[in-house]
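Data block for structure03.cif (mmCIF, N, CA and C atoms):
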data_coords
loop_
_atom_site.label_atom_id
_atom_site.label_comp_id
_atom_site.auth_asym_id
_atom_site.auth_seq_id
_atom_site.Cartn_x
_atom_site.Cartn_y
_atom_site.Cartn_z
N MET A 18 5.56 72.84 -14.11
CA MET A 18 6.56 71.92 -14.62
C MET A 18 5.92 70.55 -14.82
N SER A 19 6.14 69.95 -15.94
CA SER A 19 5.57 68.63 -16.22
C SER A 19 6.37 67.55 -15.50
N PRO A 20 5.78 66.37 -15.28
CA PRO A 20 6.52 65.26 -14.65
C PRO A 20 7.80 64.92 -15.41
N ALA A 21 7.77 65.02 -16.72
CA ALA A 21 8.97 64.72 -17.52
C ALA A 21 10.08 65.70 -17.21
N GLU A 22 9.74 66.98 -17.02
CA GLU A 22 10.76 67.98 -16.70
C GLU A 22 11.34 67.77 -15.32
N VAL A 23 10.49 67.36 -14.37
CA VAL A 23 10.96 67.11 -13.01
C VAL A 23 11.94 65.94 -12.98
N ASP A 24 11.65 64.90 -13.76
CA ASP A 24 12.49 63.70 -13.76
C ASP A 24 13.65 63.80 -14.74
N ASP A 25 13.75 64.90 -15.46
CA ASP A 25 14.79 65.03 -16.48
C ASP A 25 16.07 65.62 -15.90
N HIS A 26 16.64 64.91 -14.96
CA HIS A 26 17.94 65.29 -14.41
C HIS A 26 18.85 64.09 -14.52
N ARG A 27 20.12 64.32 -14.40
CA ARG A 27 21.07 63.23 -14.58
C ARG A 27 21.86 62.93 -13.32
N ILE A 28 21.48 63.50 -12.19
CA ILE A 28 22.17 63.22 -10.94
C ILE A 28 21.75 61.84 -10.43
N VAL A 29 22.72 61.02 -10.12
CA VAL A 29 22.46 59.66 -9.62
C VAL A 29 23.09 59.54 -8.24
N CYS A 30 22.32 59.00 -7.31
CA CYS A 30 22.82 58.79 -5.96
C CYS A 30 23.39 57.38 -5.85
N THR A 31 24.59 57.28 -5.33
CA THR A 31 25.26 55.98 -5.17
C THR A 31 25.28 55.52 -3.71
N LEU A 32 24.28 55.98 -2.96
CA LEU A 32 24.22 55.65 -1.53
C LEU A 32 24.17 54.14 -1.30
N ASP A 33 23.43 53.42 -2.13
CA ASP A 33 23.32 51.97 -1.98
C ASP A 33 24.70 51.31 -2.03
N ALA A 34 25.51 51.70 -3.00
CA ALA A 34 26.86 51.13 -3.13
C ALA A 34 27.74 51.54 -1.94
N MET A 35 27.58 52.78 -1.48
CA MET A 35 28.37 53.24 -0.32
C MET A 35 28.02 52.44 0.93
N LEU A 36 26.73 52.19 1.13
CA LEU A 36 26.30 51.41 2.29
C LEU A 36 26.88 49.99 2.23
N GLU A 37 26.80 49.40 1.06
CA GLU A 37 27.32 48.05 0.88
C GLU A 37 28.83 48.01 1.12
N ALA A 38 29.54 48.97 0.57
CA ALA A 38 31.00 49.03 0.73
C ALA A 38 31.40 49.22 2.19
N ARG A 39 30.58 49.96 2.93
CA ARG A 39 30.88 50.24 4.35
C ARG A 39 30.30 49.20 5.30
N GLY A 40 29.46 48.31 4.77
CA GLY A 40 28.82 47.30 5.62
C GLY A 40 27.84 47.92 6.60
N VAL A 41 27.13 48.95 6.14
CA VAL A 41 26.20 49.69 6.99
C VAL A 41 24.80 49.55 6.42
N THR A 42 23.81 49.35 7.28
CA THR A 42 22.43 49.29 6.83
C THR A 42 21.84 50.69 6.78
N LEU A 43 20.73 50.82 6.09
CA LEU A 43 20.04 52.10 6.00
C LEU A 43 19.60 52.56 7.39
N THR A 44 19.16 51.63 8.21
CA THR A 44 18.73 51.96 9.57
C THR A 44 19.90 52.47 10.41
N GLU A 45 21.04 51.81 10.29
CA GLU A 45 22.24 52.26 11.02
C GLU A 45 22.64 53.67 10.57
N LEU A 46 22.62 53.90 9.26
CA LEU A 46 22.97 55.22 8.75
C LEU A 46 21.99 56.27 9.26
N ALA A 47 20.72 55.94 9.28
CA ALA A 47 19.71 56.88 9.77
C ALA A 47 20.02 57.29 11.21
N GLU A 48 20.37 56.33 12.04
CA GLU A 48 20.70 56.61 13.44
C GLU A 48 21.96 57.47 13.55
N ARG A 49 22.98 57.11 12.80
CA ARG A 49 24.25 57.84 12.85
C ARG A 49 24.13 59.27 12.33
N ALA A 50 23.37 59.44 11.25
CA ALA A 50 23.28 60.74 10.58
C ALA A 50 22.14 61.60 11.11
N GLY A 51 21.21 61.00 11.85
CA GLY A 51 20.07 61.78 12.34
C GLY A 51 19.10 62.14 11.23
N VAL A 52 18.99 61.25 10.24
CA VAL A 52 18.10 61.43 9.10
C VAL A 52 17.13 60.25 9.10
N THR A 53 15.88 60.48 8.75
CA THR A 53 14.91 59.39 8.79
C THR A 53 15.23 58.34 7.72
N VAL A 54 14.84 57.11 8.01
CA VAL A 54 15.01 56.02 7.06
C VAL A 54 14.25 56.33 5.77
N VAL A 55 13.07 56.92 5.90
CA VAL A 55 12.26 57.26 4.72
C VAL A 55 13.02 58.24 3.82
N ASN A 56 13.59 59.29 4.41
CA ASN A 56 14.34 60.27 3.60
C ASN A 56 15.56 59.64 2.95
N LEU A 57 16.25 58.79 3.67
CA LEU A 57 17.41 58.10 3.09
C LEU A 57 16.98 57.16 1.96
N SER A 58 15.86 56.49 2.14
CA SER A 58 15.36 55.58 1.13
C SER A 58 15.01 56.32 -0.16
N VAL A 59 14.37 57.48 -0.02
CA VAL A 59 14.04 58.30 -1.19
C VAL A 59 15.31 58.70 -1.93
N LEU A 60 16.32 59.10 -1.18
CA LEU A 60 17.60 59.48 -1.79
C LEU A 60 18.27 58.28 -2.45
N LYS A 61 18.34 57.18 -1.72
CA LYS A 61 19.00 55.95 -2.21
C LYS A 61 18.37 55.43 -3.49
N ASN A 62 17.07 55.57 -3.61
CA ASN A 62 16.34 55.03 -4.76
C ASN A 62 16.17 56.06 -5.88
N ASN A 63 16.94 57.16 -5.78
CA ASN A 63 16.94 58.19 -6.82
C ASN A 63 15.56 58.79 -7.07
N ARG A 64 14.78 58.94 -6.01
CA ARG A 64 13.46 59.57 -6.13
C ARG A 64 13.44 60.97 -5.53
N ALA A 65 14.56 61.41 -4.98
CA ALA A 65 14.63 62.73 -4.35
C ALA A 65 14.62 63.82 -5.42
N ARG A 66 13.84 64.86 -5.17
CA ARG A 66 13.83 66.02 -6.07
C ARG A 66 14.77 67.09 -5.55
N ALA A 67 15.09 67.02 -4.28
CA ALA A 67 16.00 67.99 -3.66
C ALA A 67 16.61 67.34 -2.43
N VAL A 68 17.74 67.86 -2.01
CA VAL A 68 18.37 67.37 -0.78
C VAL A 68 19.06 68.55 -0.11
N ARG A 69 18.93 68.63 1.18
CA ARG A 69 19.54 69.72 1.94
C ARG A 69 21.04 69.47 2.10
N PHE A 70 21.79 70.55 2.09
CA PHE A 70 23.23 70.44 2.32
C PHE A 70 23.49 69.83 3.69
N SER A 71 22.67 70.17 4.67
CA SER A 71 22.87 69.62 6.02
C SER A 71 22.68 68.10 6.03
N THR A 72 21.77 67.60 5.21
CA THR A 72 21.55 66.16 5.10
C THR A 72 22.76 65.49 4.45
N LEU A 73 23.25 66.08 3.37
CA LEU A 73 24.44 65.54 2.71
C LEU A 73 25.63 65.55 3.66
N THR A 74 25.78 66.63 4.41
CA THR A 74 26.89 66.73 5.37
C THR A 74 26.80 65.63 6.42
N ALA A 75 25.60 65.41 6.96
CA ALA A 75 25.40 64.39 7.99
C ALA A 75 25.69 62.99 7.45
N ILE A 76 25.24 62.72 6.23
CA ILE A 76 25.48 61.41 5.61
C ILE A 76 26.98 61.22 5.38
N CYS A 77 27.63 62.23 4.84
CA CYS A 77 29.06 62.13 4.57
C CYS A 77 29.87 61.95 5.86
N GLN A 78 29.48 62.64 6.91
CA GLN A 78 30.19 62.47 8.19
C GLN A 78 29.99 61.06 8.73
N ALA A 79 28.76 60.55 8.62
CA ALA A 79 28.46 59.22 9.14
C ALA A 79 29.17 58.13 8.35
N LEU A 80 29.35 58.34 7.05
CA LEU A 80 29.99 57.33 6.20
C LEU A 80 31.47 57.62 5.93
N ASP A 81 31.97 58.73 6.48
CA ASP A 81 33.35 59.15 6.26
C ASP A 81 33.67 59.19 4.76
N CYS A 82 32.87 59.99 4.05
CA CYS A 82 33.06 60.12 2.61
C CYS A 82 32.82 61.56 2.18
N ASP A 83 32.98 61.81 0.90
CA ASP A 83 32.71 63.13 0.32
C ASP A 83 31.41 63.09 -0.47
N VAL A 84 30.85 64.26 -0.73
CA VAL A 84 29.62 64.33 -1.52
C VAL A 84 29.83 63.68 -2.89
N SER A 85 31.01 63.84 -3.45
CA SER A 85 31.29 63.25 -4.76
C SER A 85 31.28 61.72 -4.73
N ASP A 86 31.36 61.14 -3.53
CA ASP A 86 31.24 59.70 -3.40
C ASP A 86 29.78 59.26 -3.44
N LEU A 87 28.87 60.17 -3.15
CA LEU A 87 27.44 59.88 -3.07
C LEU A 87 26.66 60.25 -4.32
N LEU A 88 27.11 61.30 -5.00
CA LEU A 88 26.36 61.80 -6.15
C LEU A 88 27.27 61.85 -7.37
N ARG A 89 26.70 61.50 -8.52
CA ARG A 89 27.45 61.57 -9.76
C ARG A 89 26.49 61.95 -10.88
N ILE A 90 27.04 62.35 -11.99
CA ILE A 90 26.25 62.65 -13.17
C ILE A 90 26.04 61.34 -13.92
N GLY A 91 24.79 60.98 -14.15
CA GLY A 91 24.47 59.74 -14.84
C GLY A 91 24.40 59.94 -16.33
N GLY A 92 24.37 58.87 -17.05
CA GLY A 92 24.35 58.95 -18.51
C GLY A 92 23.02 58.82 -19.12
#
Output the file's structure in the form of structure tokens.
Amino acid sequence: MSPAEVDDHRIVCTLDAMLEARGVTLTELAERAGVTVVNLSVLKNNRARAVRFSTLTAICQALDCDVSDLLRIGG
């Protein structure tokens, strides 16, 4: 798969906006969700190529939100 094919997706992570809306830092979320700051940063900056359902579940539980609040189809 070429780099263009890997990056040719339209899923956008809105974690940054969720953190701001909740008044939570990335470090606080990492502690609450049991996910490393590095992994959260990759997700937040839309550099993730994949994400585990267990990670999404932990983030959603920590932020009291749904997956649809974190991920959307971008334009």
In Å, rounded to a single decimal, give me how far atom N of A:Cys82 is from atom C of A:Val54.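 Atom-to-atom, atom C of A:Val54 and atom N of A:Cys82 are spaced 19.1 Å apart.
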Would you mind writing down, as a PyMOL selection string, each residue of chain A that DSSP on the backbone assigns to strand (DSSP E or B)? chain A and resi 28-30+88-90
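Residues within 7 Å of A:Asp86, counting all atoms listed in the file and excluding same-chain residues fewer than 5 positions away, are Thr31, Leu32 and Met35 of chain A.
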Keeping N, CA and C atoms for every residue in the selection just given, could you write it to a file as a compact mmCIF listing (two decimals), in the coordinates of the input?
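Once everything was written out, this is again.txt:
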# COMPACT_ATOMS: atom_id res chain seq x y z
N THR A 31 24.59 57.28 -5.33
CA THR A 31 25.26 55.98 -5.17
C THR A 31 25.28 55.52 -3.71
N LEU A 32 24.28 55.98 -2.96
CA LEU A 32 24.22 55.65 -1.53
C LEU A 32 24.17 54.14 -1.30
N MET A 35 27.58 52.78 -1.48
CA MET A 35 28.37 53.24 -0.32
C MET A 35 28.02 52.44 0.93
In Å to one decimal, how far is atom CA of A:Val68 from atom N of A:Glu45? 19.3 Å
Of the candidates A:Arg49, A:Arg66, A:Lys61, A:Arg27, which one gets nearest to A:Gln78 if we count all atoms listed in the file?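 Counting all atoms listed in the file, the residue closest to A:Gln78 is A:Arg49.
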Compile the contact shell of A:Leu80 as JSON, numbers by chain: residues with an atom at most 8 Å away, counting only N, CA and C atoms, same-chain residues fewer than 6 positions apart removed. {"A": [35, 36, 39, 46, 49, 50, 74]}
Take the PyMOL selection byres (((chain A and resi 62 and name CA) around 12) and name CA), run it mentally on this structure, and tell me the resulting residues as a PDB file with N, CA and C atoms, in the frame of the given file.
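To be explicit, this is the file written out as out.pdb:
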ATOM      1  N   ILE A  28      21.480  63.500 -12.190  1.00  0.00           N
ATOM      2  CA  ILE A  28      22.170  63.220 -10.940  1.00  0.00           C
ATOM      3  C   ILE A  28      21.750  61.840 -10.430  1.00  0.00           C
ATOM      4  N   VAL A  29      22.720  61.020 -10.120  1.00  0.00           N
ATOM      5  CA  VAL A  29      22.460  59.660  -9.620  1.00  0.00           C
ATOM      6  C   VAL A  29      23.090  59.540  -8.240  1.00  0.00           C
ATOM      7  N   CYS A  30      22.320  59.000  -7.310  1.00  0.00           N
ATOM      8  CA  CYS A  30      22.820  58.790  -5.960  1.00  0.00           C
ATOM      9  C   CYS A  30      23.390  57.380  -5.850  1.00  0.00           C
ATOM     10  N   THR A  31      24.590  57.280  -5.330  1.00  0.00           N
ATOM     11  CA  THR A  31      25.260  55.980  -5.170  1.00  0.00           C
ATOM     12  C   THR A  31      25.280  55.520  -3.710  1.00  0.00           C
ATOM     13  N   LEU A  32      24.280  55.980  -2.960  1.00  0.00           N
ATOM     14  CA  LEU A  32      24.220  55.650  -1.530  1.00  0.00           C
ATOM     15  C   LEU A  32      24.170  54.140  -1.300  1.00  0.00           C
ATOM     16  N   ASP A  33      23.430  53.420  -2.130  1.00  0.00           N
ATOM     17  CA  ASP A  33      23.320  51.970  -1.980  1.00  0.00           C
ATOM     18  C   ASP A  33      24.700  51.310  -2.030  1.00  0.00           C
ATOM     19  N   ALA A  34      25.510  51.700  -3.000  1.00  0.00           N
ATOM     20  CA  ALA A  34      26.860  51.130  -3.130  1.00  0.00           C
ATOM     21  C   ALA A  34      27.740  51.540  -1.940  1.00  0.00           C
ATOM     22  N   LEU A  43      20.730  50.820   6.090  1.00  0.00           N
ATOM     23  CA  LEU A  43      20.040  52.100   6.000  1.00  0.00           C
ATOM     24  C   LEU A  43      19.600  52.560   7.390  1.00  0.00           C
ATOM     25  N   VAL A  54      14.840  57.110   8.010  1.00  0.00           N
ATOM     26  CA  VAL A  54      15.010  56.020   7.060  1.00  0.00           C
ATOM     27  C   VAL A  54      14.250  56.330   5.770  1.00  0.00           C
ATOM     28  N   VAL A  55      13.070  56.920   5.900  1.00  0.00           N
ATOM     29  CA  VAL A  55      12.260  57.260   4.720  1.00  0.00           C
ATOM     30  C   VAL A  55      13.020  58.240   3.820  1.00  0.00           C
ATOM     31  N   ASN A  56      13.590  59.290   4.410  1.00  0.00           N
ATOM     32  CA  ASN A  56      14.340  60.270   3.600  1.00  0.00           C
ATOM     33  C   ASN A  56      15.560  59.640   2.950  1.00  0.00           C
ATOM     34  N   LEU A  57      16.250  58.790   3.670  1.00  0.00           N
ATOM     35  CA  LEU A  57      17.410  58.100   3.090  1.00  0.00           C
ATOM     36  C   LEU A  57      16.980  57.160   1.960  1.00  0.00           C
ATOM     37  N   SER A  58      15.860  56.490   2.140  1.00  0.00           N
ATOM     38  CA  SER A  58      15.360  55.580   1.130  1.00  0.00           C
ATOM     39  C   SER A  58      15.010  56.320  -0.160  1.00  0.00           C
ATOM     40  N   VAL A  59      14.370  57.480  -0.020  1.00  0.00           N
ATOM     41  CA  VAL A  59      14.040  58.300  -1.190  1.00  0.00           C
ATOM     42  C   VAL A  59      15.310  58.700  -1.930  1.00  0.00           C
ATOM     43  N   LEU A  60      16.320  59.100  -1.180  1.00  0.00           N
ATOM     44  CA  LEU A  60      17.600  59.480  -1.790  1.00  0.00           C
ATOM     45  C   LEU A  60      18.270  58.280  -2.450  1.00  0.00           C
ATOM     46  N   LYS A  61      18.340  57.180  -1.720  1.00  0.00           N
ATOM     47  CA  LYS A  61      19.000  55.950  -2.210  1.00  0.00           C
ATOM     48  C   LYS A  61      18.370  55.430  -3.490  1.00  0.00           C
ATOM     49  N   ASN A  63      16.940  57.160  -5.780  1.00  0.00           N
ATOM     50  CA  ASN A  63      16.940  58.190  -6.820  1.00  0.00           C
ATOM     51  C   ASN A  63      15.560  58.790  -7.070  1.00  0.00           C
ATOM     52  N   ARG A  64      14.780  58.940  -6.010  1.00  0.00           N
ATOM     53  CA  ARG A  64      13.460  59.570  -6.130  1.00  0.00           C
ATOM     54  C   ARG A  64      13.440  60.970  -5.530  1.00  0.00           C
ATOM     55  N   ALA A  65      14.560  61.410  -4.980  1.00  0.00           N
ATOM     56  CA  ALA A  65      14.630  62.730  -4.350  1.00  0.00           C
ATOM     57  C   ALA A  65      14.620  63.820  -5.420  1.00  0.00           C
ATOM     58  N   ARG A  66      13.840  64.860  -5.170  1.00  0.00           N
ATOM     59  CA  ARG A  66      13.830  66.020  -6.070  1.00  0.00           C
ATOM     60  C   ARG A  66      14.770  67.090  -5.550  1.00  0.00           C
TER      61      ARG A  66
END
Atom C of A:Gly91 to atom N of A:Arg69, straight-line distance in Å: 20.3 Å
Just the helix (DSSP H, G or I) stuff from chain A, please, per backbone DSSP, written as a PyMOL selection string. chain A and resi 20-23+32-39+43-50+54-61+70-80+84-87
Residue nearest A:His26 among A:Val52, A:Thr42, A:Ala79, A:Ala67 (counting only C-alpha atoms):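 Using only C-alpha atoms, A:His26 sits closest to A:Ala67.
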Each side padded by 4 Å, which centre and which edge lengths in Å (one decimal) define the axis-aligned box around the listed atoms of stretch 66-71 of chain A? Give them as JSON.
{"center_x": 18.7, "center_y": 67.7, "center_z": 0.0, "size_x": 17.7, "size_y": 13.7, "size_z": 20.1}
